[in-house]
>>> print(open('coords-v3.cif').read())   # mmCIF, C-alpha atoms
data_upload
#
loop_
_atom_site.group_PDB
_atom_site.id
_atom_site.type_symbol
_atom_site.label_atom_id
_atom_site.label_comp_id
_atom_site.auth_asym_id
_atom_site.auth_seq_id
_atom_site.Cartn_x
_atom_site.Cartn_y
_atom_site.Cartn_z
ATOM 1 C CA MET A 1 112.743 110.472 107.457
ATOM 2 C CA ILE A 2 111.052 107.105 107.051
ATOM 3 C CA ASP A 3 111.628 104.710 104.190
ATOM 4 C CA GLU A 4 108.625 105.034 101.870
ATOM 5 C CA LYS A 5 108.245 101.243 101.761
ATOM 6 C CA ILE A 6 107.185 101.388 105.418
ATOM 7 C CA TYR A 7 104.193 103.562 104.540
ATOM 8 C CA GLN A 8 103.084 100.856 102.105
ATOM 9 C CA VAL A 9 103.462 98.152 104.774
ATOM 10 C CA ILE A 10 101.399 100.246 107.203
ATOM 11 C CA PHE A 11 98.683 100.734 104.597
ATOM 12 C CA ASP A 12 98.719 97.051 103.664
ATOM 13 C CA GLU A 13 98.321 96.084 107.324
ATOM 14 C CA LEU A 14 95.519 98.541 108.044
ATOM 15 C CA SER A 15 93.696 98.094 104.737
ATOM 16 C CA LYS A 16 92.123 94.890 106.051
ATOM 17 C CA TYR A 17 90.043 97.091 108.370
ATOM 18 C CA LEU A 18 88.792 99.449 105.664
ATOM 19 C CA THR A 19 85.164 99.414 104.662
ATOM 20 C CA PRO A 20 84.358 99.358 100.930
ATOM 21 C CA GLU A 21 83.105 102.952 101.000
ATOM 22 C CA TRP A 22 86.200 104.485 102.638
ATOM 23 C CA ASP A 23 87.544 107.774 101.257
ATOM 24 C CA LYS A 24 90.534 108.432 103.492
ATOM 25 C CA LEU A 25 92.643 106.631 106.096
ATOM 26 C CA ILE A 26 94.099 108.847 108.832
ATOM 27 C CA VAL A 27 96.733 107.165 111.009
ATOM 28 C CA TYR A 28 98.057 108.677 114.251
ATOM 29 C CA LEU A 29 101.252 107.304 115.821
ATOM 30 C CA GLU A 30 102.544 108.755 119.088
ATOM 31 C CA TYR A 31 105.723 107.888 120.943
ATOM 32 C CA GLY A 32 106.549 108.747 124.535
ATOM 33 C CA GLN A 33 109.638 107.887 126.529
ATOM 34 C CA ALA A 34 108.667 104.290 127.219
ATOM 35 C CA SER A 35 105.391 103.803 125.393
ATOM 36 C CA TYR A 36 103.515 104.308 122.179
ATOM 37 C CA SER A 37 99.921 104.964 121.229
ATOM 38 C CA PHE A 38 98.375 104.295 117.835
ATOM 39 C CA ALA A 39 94.941 104.890 116.368
ATOM 40 C CA PHE A 40 93.445 105.342 112.965
ATOM 41 C CA TYR A 41 90.276 106.735 111.523
ATOM 42 C CA ILE A 42 88.396 105.806 108.394
ATOM 43 C CA GLN A 43 86.784 108.765 106.684
ATOM 44 C CA ILE A 44 83.613 108.096 104.734
ATOM 45 C CA GLY A 45 82.297 111.317 103.257
ATOM 46 C CA ARG A 46 82.434 113.745 106.185
ATOM 47 C CA LYS A 47 82.132 111.028 108.840
ATOM 48 C CA HIS A 48 85.122 109.584 110.744
ATOM 49 C CA ILE A 49 85.098 106.150 112.340
ATOM 50 C CA LYS A 50 87.755 105.458 114.955
ATOM 51 C CA CYS A 51 89.454 102.070 114.643
ATOM 52 C CA TYR A 52 88.003 100.843 117.947
ATOM 53 C CA ASP A 53 84.479 101.570 116.696
ATOM 54 C CA ILE A 54 84.666 99.551 113.467
ATOM 55 C CA PRO A 55 82.109 96.739 113.702
ATOM 56 C CA GLY A 56 83.544 93.219 113.808
ATOM 57 C CA ILE A 57 87.102 94.263 114.697
ATOM 58 C CA SER A 58 88.492 93.109 118.039
ATOM 59 C CA GLU A 59 90.934 95.027 120.179
ATOM 60 C CA LYS A 60 93.201 91.976 120.001
ATOM 61 C CA GLU A 61 93.365 92.237 116.190
ATOM 62 C CA LEU A 62 94.150 95.941 116.418
ATOM 63 C CA ALA A 63 96.807 95.347 119.087
ATOM 64 C CA GLU A 64 98.508 92.775 116.858
ATOM 65 C CA SER A 65 98.506 95.176 113.911
ATOM 66 C CA PHE A 66 99.785 98.053 116.043
ATOM 67 C CA SER A 67 102.539 95.855 117.487
ATOM 68 C CA MET A 68 103.722 94.901 114.011
ATOM 69 C CA ILE A 69 103.676 98.552 112.907
ATOM 70 C CA ASP A 70 105.574 99.553 116.059
ATOM 71 C CA GLU A 71 108.361 97.096 115.235
ATOM 72 C CA LEU A 72 108.829 98.713 111.828
ATOM 73 C CA ILE A 73 108.489 102.306 112.969
ATOM 74 C CA SER A 74 110.649 101.943 116.095
ATOM 75 C CA LYS A 75 113.604 100.588 114.127
ATOM 76 C CA GLU A 76 113.368 103.363 111.567
ATOM 77 C CA ARG A 77 112.681 106.101 114.131
ATOM 78 C CA ASN A 78 115.609 105.134 116.338
ATOM 79 C CA GLN A 79 118.039 105.077 113.393
ATOM 80 C CA GLU A 80 117.527 108.772 112.763
ATOM 81 C CA ASN A 81 120.384 110.979 113.897
ATOM 82 C CA ALA A 82 118.173 114.023 114.271
ATOM 83 C CA GLU A 83 115.781 114.896 117.074
ATOM 84 C CA LEU A 84 113.177 112.158 117.501
ATOM 85 C CA TRP A 85 109.649 113.006 116.449
ATOM 86 C CA THR A 86 106.914 112.433 119.020
ATOM 87 C CA ASN A 87 103.998 111.880 116.704
ATOM 88 C CA LEU A 88 103.316 111.118 113.095
ATOM 89 C CA THR A 89 100.110 111.499 111.116
ATOM 90 C CA ILE A 90 99.772 109.592 107.862
ATOM 91 C CA ILE A 91 96.923 110.346 105.488
ATOM 92 C CA ILE A 92 96.139 108.014 102.601
ATOM 93 C CA THR A 93 93.300 108.634 100.168
ATOM 94 C CA LYS A 94 91.373 106.049 98.208
ATOM 95 C CA ALA A 95 92.888 107.616 95.058
ATOM 96 C CA GLY A 96 96.333 106.577 96.313
ATOM 97 C CA GLN A 97 97.647 109.931 97.529
ATOM 98 C CA MET A 98 99.734 109.814 100.690
ATOM 99 C CA HIS A 99 100.957 112.536 103.034
ATOM 100 C CA ALA A 100 102.912 112.325 106.296
ATOM 101 C CA ASP A 101 103.217 115.009 108.980
ATOM 102 C CA PHE A 102 105.941 114.643 111.599
ATOM 103 C CA ASP A 103 105.622 116.587 114.850
ATOM 104 C CA TYR A 104 108.173 117.165 117.604
ATOM 105 C CA THR A 105 105.879 118.590 120.292
ATOM 106 C CA ASP A 106 106.697 117.450 123.828
ATOM 107 C CA LEU A 107 103.534 115.598 124.793
ATOM 108 C CA SER A 108 104.485 114.954 128.405
ATOM 109 C CA GLU A 109 102.385 118.000 129.305
ATOM 110 C CA LYS A 110 99.224 119.341 127.683
ATOM 111 C CA SER A 111 98.673 116.137 125.732
ATOM 112 C CA TYR A 112 94.915 116.609 125.949
ATOM 113 C CA LEU A 113 95.080 120.035 124.284
ATOM 114 C CA PHE A 114 97.403 118.722 121.594
ATOM 115 C CA LYS A 115 95.028 115.877 120.745
ATOM 116 C CA LYS A 116 92.064 118.250 120.727
ATOM 117 C CA ASP A 117 93.877 120.486 118.225
ATOM 118 C CA TRP A 118 94.947 117.427 116.220
ATOM 119 C CA LYS A 119 91.322 116.325 115.867
ATOM 120 C CA LYS A 120 90.315 119.812 114.675
ATOM 121 C CA LYS A 121 93.081 119.762 112.074
ATOM 122 C CA TYR A 122 92.669 116.240 110.708
ATOM 123 C CA LEU A 123 89.099 115.183 111.458
ATOM 124 C CA CYS A 124 87.072 118.304 110.660
#
>>> encode(input="coords-v3.cif", output="structure tokens")
Amino acid sequence: MIDEKIYQVIFDELSKYLTPEWDKLIVYLEYGQASYSFAFYIQIGRKHIKCYDIPGISEKELAESFSMIDELISKERNQENAELWTNLTIIITKAGQMHADFDYTDLSEKSYLFKKDWKKKYLC
């Protein structure tokens, strides 16, 4: 699906936002028809900190990181001959384990319910 080197670039870009005590990085990438939405969470123990709530990190810094990631992902995503995925969740542990879940759900309707279910699955 996606070249594994891209996962490393994403981690390298987002690792500058990780706190020393992080256990897991959970990245959510969502693509619509003409837009994208990214967010990530740092898990520390059982607590999750959303990227926009990390002290000392500006929205401008995050926007620059997300823009760079979008350039990589968009090229790779649009090269696929199969049906385009709508969202991707990447989980990276401090031990170096990585897992990616691709989803093809149409998010033009019931996006709120999808995100609510996503949070239950990945943040609980």
>>> resolve_selection(input="coords-v3.cif", expression="the PyMOL selection byres ((chain A and resi 123) around 12)", output="compact mmCIF listing (two decimals) with C-alpha atoms, in the coordinates of the input")
# COMPACT_ATOMS: atom_id res chain seq x y z
CA LYS A 24 90.53 108.43 103.49
CA LEU A 25 92.64 106.63 106.10
CA ILE A 26 94.10 108.85 108.83
CA VAL A 27 96.73 107.16 111.01
CA TYR A 28 98.06 108.68 114.25
CA PHE A 40 93.44 105.34 112.96
CA TYR A 41 90.28 106.74 111.52
CA ILE A 42 88.40 105.81 108.39
CA GLN A 43 86.78 108.76 106.68
CA ILE A 44 83.61 108.10 104.73
CA GLY A 45 82.30 111.32 103.26
CA ARG A 46 82.43 113.74 106.18
CA LYS A 47 82.13 111.03 108.84
CA HIS A 48 85.12 109.58 110.74
CA ILE A 49 85.10 106.15 112.34
CA LYS A 50 87.76 105.46 114.96
CA THR A 89 100.11 111.50 111.12
CA ILE A 91 96.92 110.35 105.49
CA LYS A 115 95.03 115.88 120.74
CA LYS A 116 92.06 118.25 120.73
CA ASP A 117 93.88 120.49 118.22
CA TRP A 118 94.95 117.43 116.22
CA LYS A 119 91.32 116.32 115.87
CA LYS A 120 90.32 119.81 114.68
CA LYS A 121 93.08 119.76 112.07
CA TYR A 122 92.67 116.24 110.71
CA CYS A 124 87.07 118.30 110.66
>>> atom_distance(input="coords-v3.cif", atom1="CA of Glu30 (chain A)", atom2="CA of Leu88 (chain A)")
6.5 Å
>>> residues_around(input="coords-v3.cif", residues="region 54-60 of chain A", least_positions_apart="3", cutoff="9 Å", atoms="only C-alpha atoms", output="compact mmCIF listing (two decimals) with C-alpha atoms, in the frame of the given file")
# COMPACT_ATOMS: atom_id res chain seq x y z
CA TYR A 17 90.04 97.09 108.37
CA LEU A 18 88.79 99.45 105.66
CA THR A 19 85.16 99.41 104.66
CA ILE A 42 88.40 105.81 108.39
CA ILE A 49 85.10 106.15 112.34
CA LYS A 50 87.76 105.46 114.96
CA CYS A 51 89.45 102.07 114.64
CA ALA A 63 96.81 95.35 119.09
CA GLU A 64 98.51 92.78 116.86
CA SER A 65 98.51 95.18 113.91
>>> closest_residue(input="coords-v3.cif", among="A:Asp3, A:Asp12, A:Asp106, A:Asp101", to="Arg77 (chain A)", atoms="only C-alpha atoms")
A:Asp3
>>> closest_residue(input="coords-v3.cif", among="A:Glu109, A:Tyr31, A:Ser37, A:Ile69", to="Trp85 (chain A)", atoms="all atoms listed in the file")
A:Tyr31
>>> closest_residue(input="coords-v3.cif", among="A:Phe102, A:Phe38, A:Tyr112, A:Tyr52", to="Ile10 (chain A)", atoms="all atoms listed in the file")
A:Phe38
>>> closest_residue(input="coords-v3.cif", among="A:Leu62, A:Val9, A:Leu107, A:Ile2", to="Ser35 (chain A)", atoms="only C-alpha atoms")
A:Leu107
>>> atom_distance(input="coords-v3.cif", atom1="CA of Asp53 (chain A)", atom2="CA of Thr105 (chain A)")
27.6 Å
>>> closest_residue(input="coords-v3.cif", among="A:Phe66, A:Glu21, A:Glu71, A:Asp103", to="Glu83 (chain A)", atoms="all atoms listed in the file")
A:Asp103
>>> decode(input="coords-v3.cif", residues="region 42-84 of chain A", atoms="N, CA and C atoms", output="mmCIF file, in the first residue's frame")
data_model
loop_
_atom_site.group_PDB
_atom_site.id
_atom_site.type_symbol
_atom_site.label_atom_id
_atom_site.label_comp_id
_atom_site.auth_asym_id
_atom_site.auth_seq_id
_atom_site.Cartn_x
_atom_site.Cartn_y
_atom_site.Cartn_z
ATOM 1 N N ILE A 42 -0.200 11.412 21.607
ATOM 2 C CA ILE A 42 0.890 10.782 22.324
ATOM 3 C C ILE A 42 0.268 10.061 23.513
ATOM 4 N N GLN A 43 0.544 8.780 23.617
ATOM 5 C CA GLN A 43 0.048 8.018 24.760
ATOM 6 C C GLN A 43 1.165 7.908 25.783
ATOM 7 N N ILE A 44 0.823 8.275 27.003
ATOM 8 C CA ILE A 44 1.730 8.150 28.146
ATOM 9 C C ILE A 44 0.958 7.364 29.195
ATOM 10 N N GLY A 45 1.352 6.129 29.407
ATOM 11 C CA GLY A 45 0.559 5.263 30.287
ATOM 12 C C GLY A 45 -0.816 5.063 29.674
ATOM 13 N N ARG A 46 -1.850 5.452 30.388
ATOM 14 C CA ARG A 46 -3.223 5.338 29.868
ATOM 15 C C ARG A 46 -3.760 6.681 29.383
ATOM 16 N N LYS A 47 -2.948 7.716 29.462
ATOM 17 C CA LYS A 47 -3.363 9.065 29.082
ATOM 18 C C LYS A 47 -2.971 9.354 27.631
ATOM 19 N N HIS A 48 -3.861 10.073 26.916
ATOM 20 C CA HIS A 48 -3.597 10.474 25.532
ATOM 21 C C HIS A 48 -3.583 11.994 25.439
ATOM 22 N N ILE A 49 -2.560 12.521 24.806
ATOM 23 C CA ILE A 49 -2.457 13.965 24.610
ATOM 24 C C ILE A 49 -2.566 14.244 23.118
ATOM 25 N N LYS A 50 -3.573 15.021 22.743
ATOM 26 C CA LYS A 50 -3.742 15.380 21.336
ATOM 27 C C LYS A 50 -2.664 16.386 20.931
ATOM 28 N N CYS A 51 -2.228 16.319 19.707
ATOM 29 C CA CYS A 51 -1.118 17.143 19.222
ATOM 30 C C CYS A 51 -1.323 18.626 19.513
ATOM 31 N N TYR A 52 -2.545 19.111 19.418
ATOM 32 C CA TYR A 52 -2.815 20.532 19.631
ATOM 33 C C TYR A 52 -2.753 20.938 21.105
ATOM 34 N N ASP A 53 -2.664 19.938 21.983
ATOM 35 C CA ASP A 53 -2.612 20.203 23.420
ATOM 36 C C ASP A 53 -1.216 20.003 24.014
ATOM 37 N N ILE A 54 -0.232 19.730 23.178
ATOM 38 C CA ILE A 54 1.137 19.551 23.668
ATOM 39 C C ILE A 54 1.710 20.933 23.985
ATOM 40 N N PRO A 55 2.155 21.126 25.220
ATOM 41 C CA PRO A 55 2.696 22.441 25.595
ATOM 42 C C PRO A 55 3.903 22.830 24.728
ATOM 43 N N GLY A 56 3.937 24.112 24.347
ATOM 44 C CA GLY A 56 5.084 24.639 23.614
ATOM 45 C C GLY A 56 5.089 24.368 22.122
ATOM 46 N N ILE A 57 4.031 23.753 21.605
ATOM 47 C CA ILE A 57 3.955 23.455 20.170
ATOM 48 C C ILE A 57 2.914 24.381 19.546
ATOM 49 N N SER A 58 3.302 25.099 18.511
ATOM 50 C CA SER A 58 2.364 26.018 17.861
ATOM 51 C C SER A 58 1.598 25.313 16.744
ATOM 52 N N GLU A 59 0.440 25.854 16.445
ATOM 53 C CA GLU A 59 -0.346 25.312 15.335
ATOM 54 C C GLU A 59 0.396 25.484 14.017
ATOM 55 N N LYS A 60 1.198 26.538 13.918
ATOM 56 C CA LYS A 60 1.988 26.759 12.702
ATOM 57 C C LYS A 60 2.993 25.623 12.508
ATOM 58 N N GLU A 61 3.672 25.217 13.571
ATOM 59 C CA GLU A 61 4.627 24.105 13.485
ATOM 60 C C GLU A 61 3.920 22.824 13.044
ATOM 61 N N LEU A 62 2.770 22.562 13.653
ATOM 62 C CA LEU A 62 2.012 21.364 13.293
ATOM 63 C C LEU A 62 1.559 21.425 11.836
ATOM 64 N N ALA A 63 1.077 22.584 11.408
ATOM 65 C CA ALA A 63 0.620 22.742 10.021
ATOM 66 C C ALA A 63 1.758 22.481 9.039
ATOM 67 N N GLU A 64 2.955 22.947 9.365
ATOM 68 C CA GLU A 64 4.104 22.699 8.491
ATOM 69 C C GLU A 64 4.437 21.209 8.431
ATOM 70 N N SER A 65 4.399 20.544 9.565
ATOM 71 C CA SER A 65 4.651 19.100 9.585
ATOM 72 C C SER A 65 3.580 18.346 8.804
ATOM 73 N N PHE A 66 2.320 18.710 9.027
ATOM 74 C CA PHE A 66 1.226 18.025 8.334
ATOM 75 C C PHE A 66 1.289 18.266 6.826
ATOM 76 N N SER A 67 1.683 19.446 6.423
ATOM 77 C CA SER A 67 1.823 19.752 4.992
ATOM 78 C C SER A 67 2.906 18.883 4.354
ATOM 79 N N MET A 68 4.025 18.734 5.025
ATOM 80 C CA MET A 68 5.099 17.899 4.520
ATOM 81 C C MET A 68 4.652 16.436 4.411
ATOM 82 N N ILE A 69 3.950 15.959 5.438
ATOM 83 C CA ILE A 69 3.446 14.583 5.428
ATOM 84 C C ILE A 69 2.432 14.410 4.306
ATOM 85 N N ASP A 70 1.564 15.402 4.109
ATOM 86 C CA ASP A 70 0.575 15.332 3.034
ATOM 87 C C ASP A 70 1.241 15.188 1.667
ATOM 88 N N GLU A 71 2.311 15.914 1.435
ATOM 89 C CA GLU A 71 3.017 15.795 0.153
ATOM 90 C C GLU A 71 3.459 14.361 -0.096
ATOM 91 N N LEU A 72 4.016 13.730 0.911
ATOM 92 C CA LEU A 72 4.463 12.336 0.774
ATOM 93 C C LEU A 72 3.297 11.380 0.567
ATOM 94 N N ILE A 73 2.314 11.495 1.442
ATOM 95 C CA ILE A 73 1.179 10.571 1.425
ATOM 96 C C ILE A 73 0.350 10.737 0.150
ATOM 97 N N SER A 74 0.099 11.968 -0.251
ATOM 98 C CA SER A 74 -0.736 12.211 -1.440
ATOM 99 C C SER A 74 -0.143 11.566 -2.680
ATOM 100 N N LYS A 75 1.153 11.726 -2.865
ATOM 101 C CA LYS A 75 1.815 11.107 -4.030
ATOM 102 C C LYS A 75 1.636 9.597 -4.010
ATOM 103 N N GLU A 76 1.899 9.008 -2.879
ATOM 104 C CA GLU A 76 1.811 7.551 -2.742
ATOM 105 C C GLU A 76 0.364 7.085 -2.877
ATOM 106 N N ARG A 77 -0.547 7.780 -2.223
ATOM 107 C CA ARG A 77 -1.966 7.402 -2.235
ATOM 108 C C ARG A 77 -2.543 7.476 -3.638
ATOM 109 N N ASN A 78 -2.189 8.498 -4.381
ATOM 110 C CA ASN A 78 -2.748 8.679 -5.719
ATOM 111 C C ASN A 78 -2.114 7.768 -6.769
ATOM 112 N N GLN A 79 -1.012 7.112 -6.437
ATOM 113 C CA GLN A 79 -0.388 6.167 -7.362
ATOM 114 C C GLN A 79 -1.056 4.803 -7.315
ATOM 115 N N GLU A 80 -1.796 4.557 -6.264
ATOM 116 C CA GLU A 80 -2.449 3.252 -6.112
ATOM 117 C C GLU A 80 -3.516 3.079 -7.185
ATOM 118 N N ASN A 81 -3.587 1.873 -7.721
ATOM 119 C CA ASN A 81 -4.587 1.583 -8.750
ATOM 120 C C ASN A 81 -5.900 1.097 -8.140
ATOM 121 N N ALA A 82 -5.864 0.750 -6.895
ATOM 122 C CA ALA A 82 -7.058 0.250 -6.217
ATOM 123 C C ALA A 82 -7.901 1.415 -5.706
ATOM 124 N N GLU A 83 -8.990 1.070 -5.056
ATOM 125 C CA GLU A 83 -9.862 2.073 -4.443
ATOM 126 C C GLU A 83 -9.057 2.878 -3.415
ATOM 127 N N LEU A 84 -9.244 4.185 -3.411
ATOM 128 C CA LEU A 84 -8.497 5.045 -2.502
ATOM 129 C C LEU A 84 -9.024 4.919 -1.079
#
